[in-house]
Amino acid sequence: MTTIRQSVSTYAITILAYERRRHFQVTANADLFIATLFRYRDEGKFKIHGFAVMPDHVHVLITPAVDQSTSRCVQLIKGGYSFAVRQQSPGEVWHSGYHEHRIRDLNDFEAQRQYVANNPERKRLFAYPHVHTHPAFRSRLDMAEFEGL
């Protein structure tokens with residue numbers, strides 16, 4: 001059954017790697033995760049407003065398509081990546097579950113996007129390439145849309 005929502009909502013989502021292993025410290029894994037994100041975005045499953053692929057977790061700022069639930073988007077992200085990475089990295093990838101925060105307004109959106117963008121630096125990862133602020137990704141991000149603005 002497909003979920004149809006009456007309004008568009010944006011979410012900040014955090015997903016942990018299995019046992020907080022540093023799975024995404026491997027550049028090929030981080031690159032494949034980002035490619036998976038953009039593949040589902042290009043298929044119209046959600047819009048991407050920001051992300052950071054940290055060594056042991058990921059942050060994504062997304063707006064699910066009207067016919068997609070947040071949980072379905074997370075299922076696509078986790079499952080799609082797990083399937084894609086299986087041959088180069090067997091075993092568990094993800095911790096069960098995820099954390100989501102529904103964005104309330106433009107100020108909340110900007111605060112969450114800044115938090116995600118600054119996450120690598122807070123972890124002492126300078127000039128980090130796996131974050132939405134990297135020049136390779138800036139032009140591929142979707143604009144935020146908030147009702148009443």
# chains A, B, ... in the order shown; residues from 1 in each chain; ligands from 1
>>> residues_around(residues="Val116 of chain A", least_positions_apart="2", cutoff="9 Å", atoms="only C-alpha atoms", output="PyMOL selection string")
chain A and resi 12+50-52+59-61+111-114+118-120+131-132
>>> write_last_selection(atoms="N, CA and C atoms", output="PDB file, in the first residue's frame")
ATOM      1  N   ALA A  12      14.913  15.612   8.973  1.00  0.00           N
ATOM      2  CA  ALA A  12      16.328  15.351   9.228  1.00  0.00           C
ATOM      3  C   ALA A  12      16.382  13.933   9.771  1.00  0.00           C
ATOM      4  N   GLY A  50      20.315  18.083   1.951  1.00  0.00           N
ATOM      5  CA  GLY A  50      21.614  18.051   2.608  1.00  0.00           C
ATOM      6  C   GLY A  50      21.929  16.645   3.071  1.00  0.00           C
ATOM      7  N   PHE A  51      23.226  16.386   3.272  1.00  0.00           N
ATOM      8  CA  PHE A  51      23.643  15.081   3.788  1.00  0.00           C
ATOM      9  C   PHE A  51      25.073  15.176   4.287  1.00  0.00           C
ATOM     10  N   ALA A  52      25.423  14.264   5.156  1.00  0.00           N
ATOM     11  CA  ALA A  52      26.805  14.051   5.587  1.00  0.00           C
ATOM     12  C   ALA A  52      26.954  12.551   5.811  1.00  0.00           C
ATOM     13  N   HIS A  59      23.709  11.381   7.958  1.00  0.00           N
ATOM     14  CA  HIS A  59      22.636  12.355   8.159  1.00  0.00           C
ATOM     15  C   HIS A  59      22.091  12.688   6.781  1.00  0.00           C
ATOM     16  N   VAL A  60      20.779  12.705   6.640  1.00  0.00           N
ATOM     17  CA  VAL A  60      20.173  13.156   5.397  1.00  0.00           C
ATOM     18  C   VAL A  60      19.015  14.090   5.727  1.00  0.00           C
ATOM     19  N   LEU A  61      18.874  15.088   4.916  1.00  0.00           N
ATOM     20  CA  LEU A  61      17.792  16.053   5.031  1.00  0.00           C
ATOM     21  C   LEU A  61      16.965  15.884   3.760  1.00  0.00           C
ATOM     22  N   ALA A 111      18.797  25.456  10.589  1.00  0.00           N
ATOM     23  CA  ALA A 111      19.564  24.945  11.735  1.00  0.00           C
ATOM     24  C   ALA A 111      19.970  23.489  11.500  1.00  0.00           C
ATOM     25  N   GLN A 112      19.055  22.682  11.000  1.00  0.00           N
ATOM     26  CA  GLN A 112      19.369  21.277  10.738  1.00  0.00           C
ATOM     27  C   GLN A 112      20.392  21.142   9.615  1.00  0.00           C
ATOM     28  N   ARG A 113      20.230  21.938   8.563  1.00  0.00           N
ATOM     29  CA  ARG A 113      21.181  21.859   7.452  1.00  0.00           C
ATOM     30  C   ARG A 113      22.577  22.297   7.893  1.00  0.00           C
ATOM     31  N   GLN A 114      22.635  23.302   8.745  1.00  0.00           N
ATOM     32  CA  GLN A 114      23.920  23.749   9.280  1.00  0.00           C
ATOM     33  C   GLN A 114      24.532  22.681  10.178  1.00  0.00           C
ATOM     34  N   ASN A 118      28.108  20.956   9.390  1.00  0.00           N
ATOM     35  CA  ASN A 118      29.214  21.120  10.338  1.00  0.00           C
ATOM     36  C   ASN A 118      29.605  19.831  11.043  1.00  0.00           C
ATOM     37  N   ASN A 119      28.861  18.754  10.844  1.00  0.00           N
ATOM     38  CA  ASN A 119      29.140  17.505  11.537  1.00  0.00           C
ATOM     39  C   ASN A 119      30.561  17.004  11.301  1.00  0.00           C
ATOM     40  N   PRO A 120      31.063  16.998  10.071  1.00  0.00           N
ATOM     41  CA  PRO A 120      32.442  16.525   9.873  1.00  0.00           C
ATOM     42  C   PRO A 120      33.472  17.340  10.660  1.00  0.00           C
ATOM     43  N   VAL A 131      30.036  15.381   2.139  1.00  0.00           N
ATOM     44  CA  VAL A 131      29.026  16.250   2.742  1.00  0.00           C
ATOM     45  C   VAL A 131      28.451  17.138   1.647  1.00  0.00           C
ATOM     46  N   HIS A 132      27.208  17.565   1.821  1.00  0.00           N
ATOM     47  CA  HIS A 132      26.524  18.300   0.761  1.00  0.00           C
ATOM     48  C   HIS A 132      27.173  19.635   0.408  1.00  0.00           C
TER      49      HIS A 132
END
>>> residues_around(residues="segment 78-86 of chain A", least_positions_apart="6", cutoff="8 Å", atoms="only C-alpha atoms", output="PyMOL selection string")
chain A and resi 29+32-33+36+93-94
>>> write_last_selection(atoms="all heavy atoms", output="compact mmCIF listing (two decimals), in the first residue's frame")
# COMPACT_ATOMS: atom_id res chain seq x y z
N ASN A 29 32.74 3.09 -0.13
CA ASN A 29 31.44 2.91 0.52
C ASN A 29 30.70 4.23 0.62
O ASN A 29 29.50 4.30 0.36
CB ASN A 29 31.61 2.29 1.91
CG ASN A 29 32.11 0.86 1.86
OD1 ASN A 29 32.13 0.22 0.82
ND2 ASN A 29 32.53 0.36 3.00
N LEU A 32 29.45 5.23 -2.81
CA LEU A 32 28.32 4.41 -3.23
C LEU A 32 27.05 4.82 -2.49
O LEU A 32 25.96 4.86 -3.08
CB LEU A 32 28.62 2.93 -2.99
CG LEU A 32 27.53 1.94 -3.44
CD1 LEU A 32 27.25 2.06 -4.94
CD2 LEU A 32 27.96 0.52 -3.09
N PHE A 33 27.17 5.18 -1.22
CA PHE A 33 26.01 5.64 -0.47
C PHE A 33 25.45 6.92 -1.10
O PHE A 33 24.24 7.05 -1.30
CB PHE A 33 26.33 5.87 1.00
CG PHE A 33 25.14 6.38 1.76
CD1 PHE A 33 24.17 5.50 2.21
CD2 PHE A 33 24.96 7.73 1.98
CE1 PHE A 33 23.03 5.96 2.87
CE2 PHE A 33 23.85 8.21 2.63
CZ PHE A 33 22.88 7.32 3.08
N THR A 36 23.67 6.17 -4.23
CA THR A 36 22.38 5.57 -3.94
C THR A 36 21.36 6.65 -3.58
O THR A 36 20.22 6.63 -4.06
CB THR A 36 22.50 4.54 -2.80
OG1 THR A 36 23.43 3.53 -3.19
CG2 THR A 36 21.17 3.91 -2.46
N VAL A 93 25.27 -3.86 7.62
CA VAL A 93 25.67 -2.47 7.38
C VAL A 93 25.02 -1.54 8.38
O VAL A 93 25.68 -0.66 8.93
CB VAL A 93 25.29 -2.03 5.94
CG1 VAL A 93 25.62 -0.55 5.73
CG2 VAL A 93 26.00 -2.88 4.91
N TRP A 94 23.73 -1.73 8.63
CA TRP A 94 22.95 -0.76 9.38
C TRP A 94 22.52 -1.25 10.77
O TRP A 94 22.17 -2.40 10.95
CB TRP A 94 21.67 -0.42 8.61
CG TRP A 94 21.91 0.13 7.26
CD1 TRP A 94 21.63 -0.47 6.07
CD2 TRP A 94 22.48 1.40 6.94
NE1 TRP A 94 21.98 0.35 5.04
CE2 TRP A 94 22.51 1.50 5.54
CE3 TRP A 94 22.96 2.46 7.70
CZ2 TRP A 94 23.01 2.61 4.88
CZ3 TRP A 94 23.46 3.57 7.05
CH2 TRP A 94 23.47 3.65 5.66
>>> closest_residue(among="A:Leu106, A:Ile62, A:Leu125, A:Ile34", to="Ile48 of chain A", atoms="only C-alpha atoms")
A:Ile62
>>> closest_residue(among="A:Val58, A:Ala30, A:Val8, A:Ala65", to="Asp42 of chain A", atoms="only C-alpha atoms")
A:Ala65
>>> select_by_dssp(residues="segment 62-136 of chain A", states="strand (DSSP E or B)", output="VMD selection string")
chain A and resid 62 to 64 94 99 to 102 131
>>> closest_residue(among="A:Glu92, A:Ala144, A:Lys123, A:Thr70", to="Asn107 of chain A", atoms="only C-alpha atoms")
A:Ala144
>>> select_by_dssp(residues="chain A", states="alpha helix (DSSP H)", output="ChimeraX atom specification")
/A:27-42,70-85,106-122,135-138
>>> closest_residue(among="A:His101, A:Arg140, A:His95, A:Arg20", to="Met54 of chain A", atoms="only C-alpha atoms")
A:Arg20
>>> closest_residue(among="A:His99, A:Arg39, A:His134, A:His49", to="Ile13 of chain A", atoms="only C-alpha atoms")
A:His99
>>> atom_distance(atom1="atom CA of Thr63 of chain A", atom2="atom CA of Phe46 of chain A")
5.4 Å
>>> atom_distance(atom1="atom CA of Lys47 of chain A", atom2="atom CA of Leu16 of chain A")
20.9 Å
>>> atom_distance(atom1="atom CA of Arg102 of chain A", atom2="atom CA of Ser71 of chain A")
12.4 Å
>>> decode(residues="chain A", atoms="C-alpha atoms", output="CSV table (one decimal), in the first residue's frame")
chain,number,residue,atom,x,y,z
A,1,MET,CA,0.0,0.0,0.0
A,2,THR,CA,1.3,3.4,-0.9
A,3,THR,CA,1.1,6.3,1.6
A,4,ILE,CA,-0.4,9.5,0.2
A,5,ARG,CA,0.2,12.6,2.4
A,6,GLN,CA,-1.8,15.7,2.3
A,7,SER,CA,1.1,18.0,2.9
A,8,VAL,CA,4.8,18.0,2.1
A,9,SER,CA,7.1,17.6,5.1
A,10,THR,CA,10.9,17.7,5.4
A,11,TYR,CA,12.9,15.5,7.8
A,12,ALA,CA,16.3,15.4,9.2
A,13,ILE,CA,17.2,11.7,9.5
A,14,THR,CA,20.1,10.0,11.2
A,15,ILE,CA,21.0,6.4,10.5
A,16,LEU,CA,23.7,4.5,12.4
A,17,ALA,CA,26.1,1.9,11.0
A,18,TYR,CA,25.9,-1.5,12.5
A,19,GLU,CA,27.6,-1.5,15.9
A,20,ARG,CA,28.8,2.0,15.0
A,21,ARG,CA,31.4,0.4,12.8
A,22,ARG,CA,33.4,2.8,10.6
A,23,HIS,CA,31.9,1.4,7.5
A,24,PHE,CA,31.8,4.7,5.6
A,25,GLN,CA,35.4,5.5,6.4
A,26,VAL,CA,36.1,3.5,3.2
A,27,THR,CA,35.8,6.1,0.4
A,28,ALA,CA,34.2,3.6,-2.0
A,29,ASN,CA,31.4,2.9,0.5
A,30,ALA,CA,30.8,6.6,1.1
A,31,ASP,CA,30.7,7.3,-2.6
A,32,LEU,CA,28.3,4.4,-3.2
A,33,PHE,CA,26.0,5.6,-0.5
A,34,ILE,CA,25.9,9.1,-2.0
A,35,ALA,CA,25.2,7.6,-5.5
A,36,THR,CA,22.4,5.6,-3.9
A,37,LEU,CA,20.9,8.7,-2.4
A,38,PHE,CA,20.9,10.6,-5.7
A,39,ARG,CA,19.6,7.6,-7.6
A,40,TYR,CA,16.4,7.5,-5.5
A,41,ARG,CA,16.2,11.3,-5.7
A,42,ASP,CA,16.5,11.1,-9.5
A,43,GLU,CA,13.7,8.5,-9.5
A,44,GLY,CA,11.5,11.0,-7.7
A,45,LYS,CA,11.3,9.2,-4.4
A,46,PHE,CA,12.4,12.2,-2.3
A,47,LYS,CA,14.2,15.5,-2.6
A,48,ILE,CA,17.6,15.9,-1.0
A,49,HIS,CA,18.5,19.1,0.8
A,50,GLY,CA,21.6,18.1,2.6
A,51,PHE,CA,23.6,15.1,3.8
A,52,ALA,CA,26.8,14.1,5.6
A,53,VAL,CA,28.2,10.6,5.3
A,54,MET,CA,30.2,10.2,8.5
A,55,PRO,CA,32.5,7.2,9.1
A,56,ASP,CA,29.9,5.5,11.4
A,57,HIS,CA,26.6,7.1,10.6
A,58,VAL,CA,24.8,9.2,8.0
A,59,HIS,CA,22.6,12.4,8.2
A,60,VAL,CA,20.2,13.2,5.4
A,61,LEU,CA,17.8,16.1,5.0
A,62,ILE,CA,15.0,14.9,2.7
A,63,THR,CA,11.4,15.7,1.6
A,64,PRO,CA,9.6,12.5,0.7
A,65,ALA,CA,7.5,12.6,-2.5
A,66,VAL,CA,3.8,12.9,-1.9
A,67,ASP,CA,3.4,9.1,-2.5
A,68,GLN,CA,6.2,8.1,-0.2
A,69,SER,CA,6.3,7.8,3.6
A,70,THR,CA,9.4,8.7,5.5
A,71,SER,CA,9.8,5.1,6.6
A,72,ARG,CA,9.6,4.0,3.0
A,73,CYS,CA,12.3,6.5,2.0
A,74,VAL,CA,14.6,5.2,4.8
A,75,GLN,CA,13.8,1.6,3.7
A,76,LEU,CA,14.9,2.5,0.1
A,77,ILE,CA,18.1,4.2,1.3
A,78,LYS,CA,19.1,1.5,3.7
A,79,GLY,CA,18.0,-1.4,1.5
A,80,GLY,CA,19.2,0.0,-1.8
A,81,TYR,CA,22.6,0.8,-0.3
A,82,SER,CA,22.9,-2.6,1.4
A,83,PHE,CA,22.1,-4.4,-1.8
A,84,ALA,CA,24.6,-2.3,-3.8
A,85,VAL,CA,27.5,-2.7,-1.3
A,86,ARG,CA,27.0,-6.4,-0.6
A,87,GLN,CA,29.7,-7.7,-3.0
A,88,GLN,CA,32.4,-5.3,-1.9
A,89,SER,CA,31.5,-5.4,1.8
A,90,PRO,CA,29.5,-8.4,3.1
A,91,GLY,CA,27.9,-8.5,6.4
A,92,GLU,CA,25.6,-6.1,8.3
A,93,VAL,CA,25.7,-2.5,7.4
A,94,TRP,CA,22.9,-0.8,9.4
A,95,HIS,CA,21.8,-0.5,13.0
A,96,SER,CA,18.1,-1.3,13.2
A,97,GLY,CA,15.9,1.8,13.1
A,98,TYR,CA,16.7,5.4,12.6
A,99,HIS,CA,16.1,8.8,14.1
A,100,GLU,CA,13.9,11.3,12.4
A,101,HIS,CA,13.1,15.0,13.2
A,102,ARG,CA,10.3,16.7,11.3
A,103,ILE,CA,11.3,20.1,10.2
A,104,ARG,CA,8.9,22.7,11.6
A,105,ASP,CA,9.8,25.8,9.6
A,106,LEU,CA,12.5,27.6,7.6
A,107,ASN,CA,14.6,28.4,10.8
A,108,ASP,CA,14.5,24.8,11.9
A,109,PHE,CA,15.5,23.7,8.3
A,110,GLU,CA,18.5,26.1,8.3
A,111,ALA,CA,19.6,24.9,11.7
A,112,GLN,CA,19.4,21.3,10.7
A,113,ARG,CA,21.2,21.9,7.5
A,114,GLN,CA,23.9,23.7,9.3
A,115,TYR,CA,24.2,21.0,11.9
A,116,VAL,CA,24.6,18.4,9.1
A,117,ALA,CA,27.1,20.5,7.2
A,118,ASN,CA,29.2,21.1,10.3
A,119,ASN,CA,29.1,17.5,11.5
A,120,PRO,CA,32.4,16.5,9.9
A,121,GLU,CA,34.3,19.5,11.4
A,122,ARG,CA,32.9,18.8,14.8
A,123,LYS,CA,34.4,15.3,14.5
A,124,ARG,CA,37.7,16.8,13.3
A,125,LEU,CA,37.3,15.8,9.7
A,126,PHE,CA,38.5,18.8,7.9
A,127,ALA,CA,38.1,19.3,4.1
A,128,TYR,CA,35.7,16.4,4.2
A,129,PRO,CA,34.4,15.3,0.8
A,130,HIS,CA,31.3,13.3,1.8
A,131,VAL,CA,29.0,16.3,2.7
A,132,HIS,CA,26.5,18.3,0.8
A,133,THR,CA,28.7,21.4,1.0
A,134,HIS,CA,31.3,19.9,-1.2
A,135,PRO,CA,31.4,21.6,-4.6
A,136,ALA,CA,30.6,18.3,-6.4
A,137,PHE,CA,27.2,18.2,-4.7
A,138,ARG,CA,26.0,21.8,-4.2
A,139,SER,CA,24.3,22.1,-7.6
A,140,ARG,CA,22.5,18.8,-7.2
A,141,LEU,CA,20.6,19.7,-4.0
A,142,ASP,CA,16.9,20.5,-4.0
A,143,MET,CA,15.5,23.7,-2.7
A,144,ALA,CA,13.4,23.6,0.5
A,145,GLU,CA,9.7,24.3,0.1
A,146,PHE,CA,7.6,25.4,3.1
A,147,GLU,CA,3.9,26.2,3.0
A,148,GLY,CA,3.0,29.8,3.8
A,149,LEU,CA,6.5,31.1,2.9
